[in-house]
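J.: Provided herewith is a single structure, encoded as C-alpha cells, for subsequent inquiry.
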Amino acid sequence: MKKQPNSGWIVLCMVILILFLLVWQLLGGKTGGLPGPIPVAKSAWFFLSDPFYNNGPNDQGIGWLTMYSLARLATGFLLGTLFGVIMGVILGLNPVLFKALNPYIQVLRAISPVAWMPLLLYSVQNSGVTAVLVVFMASVWPTLANTAFGVSNIKKDYINIANILQMNPVVKVFKIILPAAGPTIVAGLKISMGSAWVAIVPAEALLGTLGLGYFVWNEWNNLSLTSVIFAVLVIGVVGVILDYLFTRLAMRLAYVD
Amino acid sequence: MIGKEPDKSHVGSIKSLNDPFDGDVSISHNCCGHSHSSTDIHQTADTEAIADRAIEEAVIRGLFKGNEVSRRKFMKLVGASTAMSVISSLFPLDAAKAWAKDASGALEKTDLKIGFIPITCATPIIMAHPMGIYEKYGLKGSNVVKAAGWAMIRDWAVNKQVDCAHMLSPMPLALTMGVGSTQTPFLMPAIENLNGQAITLANKHKDVKSPKDMKGFTFAVPFDYSMHNFLLRYYLAEGGVDPDKDVKIRVLPPPEMVANLKAQNLDGYLSPDPFNQRAVYENVGFIFKLSKELWSGHPCCAFATSQEFATTMPNSFKAVFNAIVDATAYSAKIENRKDIAQAIAPRNYLNQPVEVVEAVLTGQFSDGLGATRDEPDRIDFNPFPWNSMAVWILTQMKRWGYVKGDVDYKKIAEQVFLAGECAQIMREKGYSPPAETYKKHVIMGKEFDPHKPEEYLNSFTIKKM
Amino acid sequence: MSLLEVKGVSKYFTTPETGKEFCVFKNVHLSVDEKEFVSVLGHSGCGKSTLLNIIAGIDSASDGYAFWDGKEIGGPGLDRMVVFQNFALMPWLSVHGNIRLAVKSAFPQHSRHEINKRVQKYIDMVGLTGVENRKPAMLSGGMRQRVGLARAFSVEPRVLLLDEPFAQIDALTRGSIQEELIRIWLSTGITVFMVTHDVDEAILLSDRIMLMTPGPEAQIKDEINVNIPRPRDRSTIIEHPMYYSIRNKIIRFLSTKAVNRKELSLVA
C-alpha cells in the first residue's frame with residue numbers, strides 16, 4: 001500500500017503526546033508536587049461527565065462555565081471587531097489622519113487588557129460589563145491596525161475602477177474595499193481572537209463573574225491542582241477551536257492576485 | 001404604652017429591662033457579650049412592652065453615654081414625664097419604636113444577593129442559605145455569591161451588585177470615611193464571628209517563641225483594613241518589633257498564603273481559617289498562636305450593608321438582619337458545629353475538605369506540632385457589634401497611619417456599628433444582649449478604655465503617627 | 001468642438017527623493033472626434049498613460065485644459081471607461097461577477113434578470129462562454145483582458161480608453177484579441193482612444209496615430225493618418241503599399257527622438 005506523504009506528521013504528533021504523558025507521569029505525582037496525568041484524568045472525568053449541573057451562582061457545570069465565558073468573549077469581540085473595522089477603514093482611506101493617530105494607537109495597543117480592568121470597573125461599576133469591555137480592549141487594536149494597513153495597501157487599480165464606475169462610498173466600502181482588504185482583516189481578527197481569549201480568563205478571575213476564569217480561581221482556593229490543570233486544558237482546547245474557525249474563514253476569503 | 005411600667009413579675013429573668021426613667025433604679029449591668037444559652041427567656045412577657053422599653057433604654061443610654069450617675073440624677077431632677085417629653089423632642093422615640101415593631105411590612109426585595117468570601121468567618125452568612133434561614137424570613141430566592149477577594153467584594157458592595165456583604169470589621173468604617181475607596185456610608189448591623197484567626201508559621205520556624213525571633217520575617221495578611229493586619233501589628237509591637245521597619249507585611253489572598261508558605265516565600269501569616277488549619281493539613285506549617293490568645297473575643301468579620309440599602313429597603317433590611325442574628329446564634333451552639341461544617345464545605349460554598357472545616361468549627365484540631373487541642377472558642381459567633389470594638393479599630397487605623405488627623409471616634413463608631421439596633425433584635429428573639437454598647441477590652445494583657453482613645457494611642461511606643 | 005479636446009496640457013511631478021520638480025509632458029494638444037479610433041504612440045516613460053489617466057479623470061493636469069463633450073473633465077465617469085494594462089480585475093470575483101459589478105453600476109434600475117442577460121451577452125461577445133464562474137487567477141492573460149474588454153463594453157461608454165491593453169499578452173494571442181476589438185468597435189460605433197508602444201498594433205487598429213516624443217517634457221510632435229481601408233486583416237495588411245511607408249516614418253520618428261531616455265525614471 002502506498003504511504004501518503006502528508007500523513008507522517010500525524011504519527012509524529014501522537015508519539016510526542018505519548019512521550020509527554022510518560023514524562024509527566026514520571027515527574028508528577030510526588031506528594032506535594034504537581035499531580036500526575038491519572039489524577040487529572042479522573043478530575044476531568046468527574047467534571048465532564050456532568051457538564052450542565054446548576055448548584056447555584058457559585059458552582060455550575062463546566063459546560064455552563066464555558067458558555068458564559070464564550071458569551072462574554074463573543075460580545076466583547078463583536079464590539080471590538082465593529083469598532084476596529086470601521087475605524088480601520090476610515091484610517092486606511094485617510095493617510096494623514098492615520099499618521100496622526102498612529103502613535104496613540106501604538107501606546108494603547110501595548111497596554112495589557114487586564115491592566116484596564118480597575119479603571120473600567122471604577123467607571124462602569126458593573127463586573128459583567130467590565131469583563132466584556134476587557135475583551136473589547138484586547139480585540140480592538142490588532143483588528144484596527146490590520147484593517148487600516150490592509151485598506152491603505154489596496155491596489156490603486158481597484159479604487160480607480162470603483163471611481164470610474166461611479167460607486168457611492170457605501171457601495172465602494174462593501175463591494176471593493178472590504179473584499180480587497182479581507183484577507184488582511186481576517187488575519188487581524190485571528191490575532192484579536194487569540195488576544196481576547198487570553199484576556200478573558202484572568203478578567204473573570206479578578207471580577208468574580210461566573211465562567212472558566214472563575215472556575216480556575218475557585219479550584220485554586222481549594223488548592224485543588226488537578227482541577228486547575230483540567231481547567232487549563234479546557235481553556236487551551238477552546239482556544240484552539242476558536243483559532244481554527246478563523247483559519248477556515250481566512251481560507252474562504254483568500255484570493256490570488 | 002409610653003411611661004407605663006411593665007409587670008415586673010414576668011420580666012424577672014430579663015435582667016436588663018428596668019425602667020430607664022426611674023431615678024432609683026440602676027440599669028447598668030455587667031454582662032458578658034456571649035449569648036450561648038438563651039433558654040431562660042420567658043415568652044409570656046408582654047413583647048410590645050419589652051420592645052418599647054428596649055428602645056427607650058437604648059436611646060437614653062445613648063444620650064447619657066452610659067453614664068449611670070448622671071442619668072439617675074437627671075431623672076430624679078425632672079421627673080419621668082418631663083424627661084419623656086424632652087427626650088422625645090430630641091429623638092423620635094415613636095418612629096424608632098414603630099421601626100422596631102414593624103415586622104409585617106412587605107419586603108421591598110426578596111431575592112437578595114449576599115456576597116461572601118469562602119472563609120470560616122462567614123459561617124453564619126453561608127449556612128443561612130442551605131439551612132433555609134433566609135427563606136424563613138421571607139427572603140425567597142436569595143443567594144449567597146462567592147467573591148474571590150476583599151477588593152472584589154468591596155467593589156460589588158459599592159456598585160450594588162450585592163445587597164449585603166461579608167466584610168472585614170474595619171471595612172465598613174473605612175468605606176464610610178472614604179479611606180481606601182470612594183466614600184460610601186456603610187453599616188455593620190452585626191458581627192459575623194469572634195476569634196477564628198491564627199498566626200501560622202512555616203515548619204522551619206518551630207523554634208520561634210516570641211516576636212523578637214521574628215525580626216526580618218515576611219508575613220502575609222489578607223487585606224490592609226483587617227483585624228488580621230491590626231492584630232499582627234499589635235502582637236509584633238508588644239514584643240518590641242516595629243511592623244513597618246523590622247518585618248515585611250504583604251497582602252495576599254489566603255490560598256496563596258498556603259502555597260507561598262510551602263514555596264518558602266513567606267515565613268508566616270495571620271489569616272482567617274480554614275487556611276491556618278489547611279497549612280497543617282498540607283504539612284507546610286503549624287499553628288503558632290490562635291488569635292483568641294491575643295484578644296479573647298475579638299471581632300473578626302462583619303455583616304455589612306450600605307446605608308442606602310437600609311434606608312430605601314428597610315423591611316428587607318430588617319428581614320436579613322433578623323436572619324443573620326438567628327444564624328449567628330445557631331452557629332454559636334457548639335453542638336451544631338459539625339452539621340454546619342458538613343453544610344458549608346462543598347464546592348459552591350467554602351470548597352474545602354470537610355475535615356479541615358470541622359477541625360476549625362468544632363475546635364478539636366491538631367496544631368502541626370504534634371499536639372491535639374480542644375478549644376471550643378477557637379471560633380465563636382456573636383452578632384453584637386460593640387461600639388467599643390469600633391473605637392479600638394479606629395485607634396489602630398490612626399496608630400499605623402491609615403487615617404490621619406482628628407477622628408471623631410464615638411460618632412463614626414455609632415454611625416457604623418449598629419449596636420443599639422442589634423441589641424433590640426436580639427431581645428426580640430429572646431436572647432439577652434449586653435446593656436451597654438461600650439465596654440473595656442483586654443488585648444494581650446493590656447486594658448483598652450473606649451472612652452479614652454487618645455490616651456490609649458499615646459501609650460504606645462511603636463507607632464507610625 | 002470635438003468629442004474630446006486636450007489643450008496645452010502639462011504634467012509635473014515632484015520627485016520624492018530630491019524634491020525637485022520634474023516635467024513629464026508639456027503643452028500637449030489633441031482632439032478626438034466621434035467614432036474615431038485614435039492612438040498615441042511613444043516610448044515607455046513618455047507619460048502617455050498619465051495623459052490617458054487625465055482624460056479618464058483619475059488624474060489631474062498641472063496645466064492646461066481637457067474637455068469632454070464640451071465640458072471640462074472634473075473626474076471619472078461611466079462614459080469614459082478604461083481598460084487597464086494589468087487587467088484590474090477583482091480577484092475575488094468570477095468572470096461573471098466582475099462584469100456584473102460594472103453592469104450594476106451602469107444600470108442600477110435593471111432587474112436581476114436583465115443584468116444577468118447583459119452580462120452573458122458580453123461574455124459571449126468576447127468569446128468567454130463557458131468560463132463564467134472562473135476566478136481571474138484561473139485564466140490566462142489573454143482571457144483576463146477579454147474580461148476587461150467585456151467589462152468595458154458592457155457599460156456602453158461613449159469612449160473606450162485603452163492603456164496599453166495588450167502589452168502583457170503574448171504575441172500569438174494578441175492578434176486574435178485585436179481582431180475581436182475591431183469587430184466590436186465596428187459593430188458598436190464607439191469612440192476609442194488608445195495608448196501603446198506597439199507600432200504594428202497602432203497601424204492595424206487606428207484611424208490616426210499621434211506620435212509622442214520621449215520625456216522629460218514630452219510633446220506630441222507628429223500625427224499620421226492611417227489611410228489603409230477597413231476591414232484590415234492582420235495577415236494581409238503588411239502587403240498594403242502604404243503600410244511600410246507609414247511604419248518607417250514612425251520608426252524613424254521614434255529612434256531619432258530617443259535622446260534623453262536615461263533621464264527618465266517614470267513609468268508611462
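To be explicit about the labels: the chains of the C-alpha cells are called A, B, and onward in the order shown, and within each one the residues are counted from 1, while ligands get numbers from 1 in the order they are shown.
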Taking only C-alpha atoms into account, which residues of chain A are within 9 Å of chain C, as a PyMOL selection string?

T.: chain A and resi 155+157-158+160-167+175-176+179-180+253-257

J.: Report as a list in words all protein, DNA and RNA residues lying within 7 Å of segment 235-237 of chain B, evaluated on only C-alpha atoms, omitting residues in the same chain fewer than 6 positions from it.

T.: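 Using only C-alpha atoms, the neighbours found are Pro211, Pro243 and Ile462 of chain B.
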
J.: Residues of chain A that approach chain B to 7 Å or less, counting only C-alpha atoms: could you list each one with the shortest pair of atoms and its distance in Å to one decimal, rows by chain and increasing residue number, as a tab-separated table?

T.:
```
residue	atom	partner	partner_atom	distance
A:Asn55	CA	B:Asn348	CA	6.9
A:Pro57	CA	B:Val145	CA	6.2
A:Asn58	CA	B:Asn348	CA	4.8
A:Asp59	CA	B:Asn348	CA	4.7
A:Gln125	CA	B:Asn159	CA	5.2
A:Asn126	CA	B:Asn159	CA	6.4
A:Leu207	CA	B:Met152	CA	6.5
A:Gly208	CA	B:Ala147	CA	5.8
A:Asn221	CA	B:Pro255	CA	5.2
A:Asn222	CA	B:Gln352	CA	5.5
A:Leu223	CA	B:Pro255	CA	6.8
```

J.: Grab the atom CA of Val114 of chain A to atom CA of Ala71 of chain A distance for me, in Å with one decimal place.

T.: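 It comes out at 18.0 Å.
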
J.: Nearest to Ala327 of chain B among B:Tyr234, B:Trp400, B:Phe303, B:Trp150, with distances taken over only C-alpha atoms: which residue is it?

T.: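 Smallest distance to Ala327 of chain B is found for B:Phe303.
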
J.: Env of Ser139 of chain A: 10 Å cut, atoms = only C-alpha atoms, seq-sep filter 2 positions within chain, self excluded. Answer as a VMD selection string.

T.: chain A and resid 73 76 to 81 83 to 84 109 113 133 to 137 141 to 144 188 to 197 199

J.: Could you save the residues just selected, with N, CA and C atoms, as a PDB file, in the first residue's frame?

T.:
```
ATOM      1  N   LEU A  73     -16.970  36.579  25.645  1.00  0.00           N
ATOM      2  CA  LEU A  73     -15.979  36.722  24.589  1.00  0.00           C
ATOM      3  C   LEU A  73     -16.643  37.194  23.315  1.00  0.00           C
ATOM      4  N   GLY A  76     -17.822  40.980  23.560  1.00  0.00           N
ATOM      5  CA  GLY A  76     -16.702  41.908  23.524  1.00  0.00           C
ATOM      6  C   GLY A  76     -15.996  41.883  22.181  1.00  0.00           C
ATOM      7  N   PHE A  77     -15.865  40.684  21.608  1.00  0.00           N
ATOM      8  CA  PHE A  77     -15.159  40.544  20.343  1.00  0.00           C
ATOM      9  C   PHE A  77     -15.935  41.209  19.216  1.00  0.00           C
ATOM     10  N   LEU A  78     -17.252  41.031  19.208  1.00  0.00           N
ATOM     11  CA  LEU A  78     -18.065  41.666  18.160  1.00  0.00           C
ATOM     12  C   LEU A  78     -17.962  43.179  18.239  1.00  0.00           C
ATOM     13  N   LEU A  79     -18.031  43.700  19.465  1.00  0.00           N
ATOM     14  CA  LEU A  79     -17.882  45.145  19.635  1.00  0.00           C
ATOM     15  C   LEU A  79     -16.524  45.612  19.126  1.00  0.00           C
ATOM     16  N   GLY A  80     -15.483  44.852  19.502  1.00  0.00           N
ATOM     17  CA  GLY A  80     -14.144  45.222  19.088  1.00  0.00           C
ATOM     18  C   GLY A  80     -13.984  45.149  17.582  1.00  0.00           C
ATOM     19  N   THR A  81     -14.584  44.115  16.971  1.00  0.00           N
ATOM     20  CA  THR A  81     -14.493  43.962  15.524  1.00  0.00           C
ATOM     21  C   THR A  81     -15.186  45.118  14.822  1.00  0.00           C
ATOM     22  N   PHE A  83     -15.937  48.159  15.909  1.00  0.00           N
ATOM     23  CA  PHE A  83     -15.204  49.405  16.073  1.00  0.00           C
ATOM     24  C   PHE A  83     -13.889  49.363  15.315  1.00  0.00           C
ATOM     25  N   GLY A  84     -13.172  48.249  15.408  1.00  0.00           N
ATOM     26  CA  GLY A  84     -11.869  48.139  14.776  1.00  0.00           C
ATOM     27  C   GLY A  84     -11.943  48.226  13.263  1.00  0.00           C
ATOM     28  N   ARG A 109      -2.228  49.960  22.243  1.00  0.00           N
ATOM     29  CA  ARG A 109      -2.098  48.563  21.877  1.00  0.00           C
ATOM     30  C   ARG A 109      -1.147  47.827  22.810  1.00  0.00           C
ATOM     31  N   PRO A 113      -4.711  44.198  28.270  1.00  0.00           N
ATOM     32  CA  PRO A 113      -6.133  44.475  28.502  1.00  0.00           C
ATOM     33  C   PRO A 113      -6.544  44.286  29.957  1.00  0.00           C
ATOM     34  N   LEU A 133     -15.879  44.568  28.426  1.00  0.00           N
ATOM     35  CA  LEU A 133     -15.033  45.664  27.949  1.00  0.00           C
ATOM     36  C   LEU A 133     -13.557  45.272  27.926  1.00  0.00           C
ATOM     37  N   VAL A 134     -13.135  44.424  28.855  1.00  0.00           N
ATOM     38  CA  VAL A 134     -11.746  43.943  28.824  1.00  0.00           C
ATOM     39  C   VAL A 134     -11.513  43.175  27.529  1.00  0.00           C
ATOM     40  N   VAL A 135     -12.474  42.345  27.143  1.00  0.00           N
ATOM     41  CA  VAL A 135     -12.369  41.610  25.882  1.00  0.00           C
ATOM     42  C   VAL A 135     -12.317  42.588  24.719  1.00  0.00           C
ATOM     43  N   PHE A 136     -13.142  43.629  24.784  1.00  0.00           N
ATOM     44  CA  PHE A 136     -13.140  44.656  23.742  1.00  0.00           C
ATOM     45  C   PHE A 136     -11.751  45.281  23.598  1.00  0.00           C
ATOM     46  N   MET A 137     -11.159  45.653  24.716  1.00  0.00           N
ATOM     47  CA  MET A 137      -9.844  46.289  24.673  1.00  0.00           C
ATOM     48  C   MET A 137      -8.787  45.353  24.123  1.00  0.00           C
ATOM     49  N   TRP A 141      -7.456  46.434  19.027  1.00  0.00           N
ATOM     50  CA  TRP A 141      -6.243  47.010  18.427  1.00  0.00           C
ATOM     51  C   TRP A 141      -5.659  46.207  17.274  1.00  0.00           C
ATOM     52  N   PRO A 142      -5.503  44.879  17.397  1.00  0.00           N
ATOM     53  CA  PRO A 142      -4.986  44.155  16.233  1.00  0.00           C
ATOM     54  C   PRO A 142      -5.910  44.291  15.024  1.00  0.00           C
ATOM     55  N   THR A 143      -7.232  44.255  15.270  1.00  0.00           N
ATOM     56  CA  THR A 143      -8.176  44.399  14.161  1.00  0.00           C
ATOM     57  C   THR A 143      -8.036  45.762  13.507  1.00  0.00           C
ATOM     58  N   LEU A 144      -7.998  46.801  14.327  1.00  0.00           N
ATOM     59  CA  LEU A 144      -7.887  48.162  13.795  1.00  0.00           C
ATOM     60  C   LEU A 144      -6.611  48.320  12.982  1.00  0.00           C
ATOM     61  N   GLY A 188      -6.006  39.919  11.076  1.00  0.00           N
ATOM     62  CA  GLY A 188      -6.101  40.723  12.283  1.00  0.00           C
ATOM     63  C   GLY A 188      -7.114  40.158  13.256  1.00  0.00           C
ATOM     64  N   LEU A 189      -8.245  39.684  12.734  1.00  0.00           N
ATOM     65  CA  LEU A 189      -9.282  39.121  13.597  1.00  0.00           C
ATOM     66  C   LEU A 189      -8.770  37.890  14.331  1.00  0.00           C
ATOM     67  N   LYS A 190      -7.991  37.106  13.639  1.00  0.00           N
ATOM     68  CA  LYS A 190      -7.463  35.893  14.244  1.00  0.00           C
ATOM     69  C   LYS A 190      -6.582  36.240  15.447  1.00  0.00           C
ATOM     70  N   ILE A 191      -5.724  37.248  15.243  1.00  0.00           N
ATOM     71  CA  ILE A 191      -4.852  37.684  16.343  1.00  0.00           C
ATOM     72  C   ILE A 191      -5.705  38.238  17.483  1.00  0.00           C
ATOM     73  N   SER A 192      -6.703  39.036  17.097  1.00  0.00           N
ATOM     74  CA  SER A 192      -7.580  39.627  18.114  1.00  0.00           C
ATOM     75  C   SER A 192      -8.285  38.566  18.921  1.00  0.00           C
ATOM     76  N   MET A 193      -8.773  37.533  18.248  1.00  0.00           N
ATOM     77  CA  MET A 193      -9.500  36.473  18.951  1.00  0.00           C
ATOM     78  C   MET A 193      -8.591  35.794  19.951  1.00  0.00           C
ATOM     79  N   GLY A 194      -7.372  35.527  19.527  1.00  0.00           N
ATOM     80  CA  GLY A 194      -6.432  34.898  20.445  1.00  0.00           C
ATOM     81  C   GLY A 194      -6.185  35.775  21.658  1.00  0.00           C
ATOM     82  N   SER A 195      -5.973  37.059  21.391  1.00  0.00           N
ATOM     83  CA  SER A 195      -5.713  38.012  22.468  1.00  0.00           C
ATOM     84  C   SER A 195      -6.909  38.111  23.413  1.00  0.00           C
ATOM     85  N   ALA A 196      -8.101  38.112  22.828  1.00  0.00           N
ATOM     86  CA  ALA A 196      -9.309  38.232  23.648  1.00  0.00           C
ATOM     87  C   ALA A 196      -9.490  37.017  24.550  1.00  0.00           C
ATOM     88  N   TRP A 197      -9.277  35.826  24.021  1.00  0.00           N
ATOM     89  CA  TRP A 197      -9.459  34.610  24.811  1.00  0.00           C
ATOM     90  C   TRP A 197      -8.447  34.560  25.949  1.00  0.00           C
ATOM     91  N   ALA A 199      -7.242  37.144  27.413  1.00  0.00           N
ATOM     92  CA  ALA A 199      -7.578  38.172  28.406  1.00  0.00           C
ATOM     93  C   ALA A 199      -8.773  37.788  29.258  1.00  0.00           C
TER      94      ALA A 199
END
```

J.: From the set B:Gly239, B:Gly141, B:Pro385, B:Gly370, which residue has the shortest atom-to-atom contact distance to Leu194 of chain B, counting only C-alpha atoms?

T.: B:Pro385

J.: Taking the DSSP secondary structure from the backbone, can you list the residues of segment 65-296 of chain B that are strand (DSSP E or B), as a PyMOL selection string?

T.: chain B and resi 113-116+143-146+164-168+186-191+194-195+197-202+218-221+248-251+268-272+285-290

J.: Include N, CA and C atoms and write out the residues we just selected as a CSV table (one decimal), in the first residue's frame.

T.:
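out-v9.csv, freshly written:
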```csv
chain,number,residue,atom,x,y,z
B,113,LYS,N,-28.9,39.4,47.1
B,113,LYS,CA,-27.6,38.8,46.8
B,113,LYS,C,-26.7,39.2,48.0
B,114,ILE,N,-26.1,38.2,48.6
B,114,ILE,CA,-25.3,38.4,49.7
B,114,ILE,C,-23.9,37.9,49.4
B,115,GLY,N,-22.9,38.8,49.3
B,115,GLY,CA,-21.6,38.4,49.0
B,115,GLY,C,-20.8,37.8,50.1
B,116,PHE,N,-20.0,36.8,49.9
B,116,PHE,CA,-19.2,36.2,50.9
B,116,PHE,C,-17.8,35.8,50.4
B,143,ASN,N,-29.6,34.6,47.5
B,143,ASN,CA,-28.5,33.7,47.2
B,143,ASN,C,-27.2,34.3,47.8
B,144,VAL,N,-26.3,33.4,48.2
B,144,VAL,CA,-25.0,33.8,48.6
B,144,VAL,C,-24.0,33.7,47.5
B,145,VAL,N,-23.3,34.7,47.2
B,145,VAL,CA,-22.5,34.8,46.0
B,145,VAL,C,-21.0,34.9,46.4
B,146,LYS,N,-20.2,34.0,45.8
B,146,LYS,CA,-18.8,33.9,46.3
B,146,LYS,C,-17.9,35.0,45.6
B,164,CYS,N,-26.0,42.9,50.4
B,164,CYS,CA,-25.3,42.9,51.6
B,164,CYS,C,-24.0,42.1,51.4
B,165,ALA,N,-23.1,42.2,52.3
B,165,ALA,CA,-21.8,41.5,52.1
B,165,ALA,C,-21.1,41.2,53.4
B,166,HIS,N,-20.4,40.1,53.3
B,166,HIS,CA,-19.4,39.7,54.3
B,166,HIS,C,-18.2,40.6,54.2
B,167,MET,N,-17.9,41.3,55.2
B,167,MET,CA,-16.7,42.2,55.2
B,167,MET,C,-15.8,42.0,56.4
B,168,LEU,N,-14.6,42.5,56.3
B,168,LEU,CA,-13.8,42.6,57.5
B,168,LEU,C,-14.3,43.7,58.4
B,186,PHE,N,-21.5,53.0,55.0
B,186,PHE,CA,-21.9,51.6,55.2
B,186,PHE,C,-22.3,51.4,56.7
B,187,LEU,N,-23.0,50.3,56.9
B,187,LEU,CA,-23.5,50.0,58.2
B,187,LEU,C,-23.0,48.6,58.5
B,188,MET,N,-22.7,48.3,59.8
B,188,MET,CA,-22.4,47.0,60.2
B,188,MET,C,-23.4,46.6,61.3
B,189,PRO,N,-24.5,46.0,60.9
B,189,PRO,CA,-25.5,45.7,61.8
B,189,PRO,C,-25.1,44.5,62.8
B,190,ALA,N,-24.2,43.7,62.3
B,190,ALA,CA,-23.8,42.5,63.1
B,190,ALA,C,-22.4,42.1,62.8
B,191,ILE,N,-21.8,41.5,63.8
B,191,ILE,CA,-20.5,40.9,63.7
B,191,ILE,C,-20.8,39.5,63.2
B,194,LEU,N,-16.4,35.9,66.2
B,194,LEU,CA,-15.3,36.3,67.1
B,194,LEU,C,-14.2,35.3,67.0
B,195,ASN,N,-13.0,35.8,67.2
B,195,ASN,CA,-11.8,34.9,67.1
B,195,ASN,C,-11.7,34.3,65.7
B,197,GLN,N,-9.0,33.3,63.9
B,197,GLN,CA,-7.8,33.5,63.1
B,197,GLN,C,-6.7,32.9,63.9
B,198,ALA,N,-5.5,32.9,63.2
B,198,ALA,CA,-4.4,32.3,63.9
B,198,ALA,C,-3.1,32.8,63.2
B,199,ILE,N,-2.0,32.8,63.9
B,199,ILE,CA,-0.7,33.1,63.3
B,199,ILE,C,-0.1,31.7,63.0
B,200,THR,N,0.1,31.5,61.7
B,200,THR,CA,0.6,30.2,61.2
B,200,THR,C,2.1,30.5,60.8
B,201,LEU,N,3.0,29.6,61.1
B,201,LEU,CA,4.4,29.8,60.7
B,201,LEU,C,4.8,28.6,59.9
B,202,ALA,N,5.8,28.8,59.1
B,202,ALA,CA,6.4,27.7,58.3
B,202,ALA,C,7.0,26.7,59.2
B,218,THR,N,9.0,37.7,56.7
B,218,THR,CA,8.0,38.2,55.7
B,218,THR,C,6.6,37.5,56.1
B,219,PHE,N,5.7,38.4,56.4
B,219,PHE,CA,4.3,37.9,56.8
B,219,PHE,C,3.3,38.3,55.7
B,220,ALA,N,2.2,37.6,55.7
B,220,ALA,CA,1.1,38.0,54.8
B,220,ALA,C,-0.2,38.2,55.6
B,221,VAL,N,-1.0,39.1,55.2
B,221,VAL,CA,-2.3,39.3,55.7
B,221,VAL,C,-3.3,39.4,54.5
B,248,LYS,N,8.4,42.4,57.1
B,248,LYS,CA,7.6,42.8,55.9
B,248,LYS,C,6.2,42.2,56.0
B,249,ILE,N,5.2,43.1,55.7
B,249,ILE,CA,3.9,42.5,55.7
B,249,ILE,C,3.3,42.8,54.3
B,250,ARG,N,2.9,41.7,53.7
B,250,ARG,CA,2.3,41.8,52.3
B,250,ARG,C,0.9,41.3,52.4
B,251,VAL,N,0.1,41.9,51.4
B,251,VAL,CA,-1.3,41.5,51.3
B,251,VAL,C,-1.4,40.4,50.2
B,268,GLY,N,5.4,33.4,57.5
B,268,GLY,CA,4.2,33.1,58.3
B,268,GLY,C,3.1,34.1,57.8
B,269,TYR,N,1.9,33.8,58.4
B,269,TYR,CA,0.8,34.7,58.1
B,269,TYR,C,-0.2,34.7,59.2
B,270,LEU,N,-0.9,35.8,59.3
B,270,LEU,CA,-2.1,35.8,60.2
B,270,LEU,C,-3.3,35.9,59.3
B,271,SER,N,-4.0,34.8,59.2
B,271,SER,CA,-5.1,34.7,58.2
B,271,SER,C,-6.3,34.1,58.8
B,272,PRO,N,-7.4,34.2,58.1
B,272,PRO,CA,-8.6,33.6,58.6
B,272,PRO,C,-8.6,32.1,58.3
B,285,GLY,N,2.9,24.0,57.5
B,285,GLY,CA,3.1,25.0,58.6
B,285,GLY,C,2.4,24.4,59.8
B,286,PHE,N,2.6,25.3,60.9
B,286,PHE,CA,1.9,24.9,62.1
B,286,PHE,C,1.3,26.1,62.8
B,287,ILE,N,0.3,25.8,63.7
B,287,ILE,CA,-0.4,27.0,64.3
B,287,ILE,C,0.4,27.5,65.5
B,288,PHE,N,0.9,28.7,65.3
B,288,PHE,CA,1.8,29.3,66.4
B,288,PHE,C,0.9,29.8,67.5
B,289,LYS,N,0.0,30.7,67.1
B,289,LYS,CA,-0.9,31.2,68.1
B,289,LYS,C,-2.3,31.4,67.6
B,290,LEU,N,-3.3,31.0,68.3
B,290,LEU,CA,-4.7,31.3,67.9
B,290,LEU,C,-4.9,32.8,68.3
```

J.: Counting only C-alpha atoms, what is within 8 Å of Ile55 of chain C, bar same-chain residues fewer than 4 positions away, as a list in words?

T.: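 The residues satisfying every condition are Leu51, Asp59, Ala66 and Ile73 of chain C.
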
J.: Would you output that residue set with N, CA and C atoms, as a compact mmCIF listing (two decimals), in the first residue's frame?

T.:
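Result file result_13.txt:
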```txt
# COMPACT_ATOMS: atom_id res chain seq x y z
N LEU C 51 -1.31 60.76 -19.47
CA LEU C 51 -2.22 61.52 -20.31
C LEU C 51 -3.58 60.83 -20.37
N ASP C 59 -6.71 61.24 -12.87
CA ASP C 59 -5.53 62.04 -12.56
C ASP C 59 -5.84 63.45 -13.04
N ALA C 66 -8.63 69.99 -20.35
CA ALA C 66 -9.10 68.82 -21.08
C ALA C 66 -10.62 68.88 -21.08
N ILE C 73 -13.15 68.28 -17.87
CA ILE C 73 -13.13 66.99 -17.16
C ILE C 73 -12.84 67.22 -15.69
```

J.: Tell me, which residues of segment 120-254 of chain C carry DSSP helix (DSSP H, G or I), written as a PyMOL selection string?

T.: chain C and resi 120-125+136-138+141-154+171-188+199-205+237-239+241-254

J.: Find the spatial neighbours of segment 205-212 of chain C, counting only C-alpha atoms, within a cut-off of 6 Å - ignore same-chain residues fewer than 6 positions away - and output them as a list in words.

T.: Phe37, Val38, Ser39, Val40, Leu41, Gly42, Gln219, Ile220, Asp222, Glu223, Ile224, Asn225 and Val226 of chain C

J.: One number please: atom CA of Leu186 of chain C to atom CA of Asp233 of chain C, in Å, one decimal.

T.: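 Atom-to-atom, atom CA of Leu186 of chain C and atom CA of Asp233 of chain C are spaced 13.8 Å apart.
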
J.: Take atom CA of Gly363 of chain B and atom CA of Asp267 of chain B and report the distance between them in Å, one decimal.

T.: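 The value is 24.7 Å.
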
J.: Would you pick out the contacts of Val391 of chain B at 12 Å or less, using only C-alpha atoms, so that residues sharing its chain but fewer than 4 positions from it are not included, and give the list as a ChimeraX atom specification?

T.: /B:169-170,173,385-387,395-398,407-417,437-441,448-454,456-457

J.: Go through B:Thr120, B:Asn315, B:Gln364, B:Ser226 one by one, measure the shortest atom-to-atom distance of each to Asp273 of chain B using only C-alpha atoms, and give the residue with the smallest value.

T.: B:Thr120

J.: Can you work out which one of C:Ile237, C:Leu181, C:Ile169, C:Val195 has the shortest atom-to-atom distance to Met125 of chain C, counting only C-alpha atoms?

T.: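 Of the candidates, the smallest distance to Met125 of chain C is held by C:Leu181.
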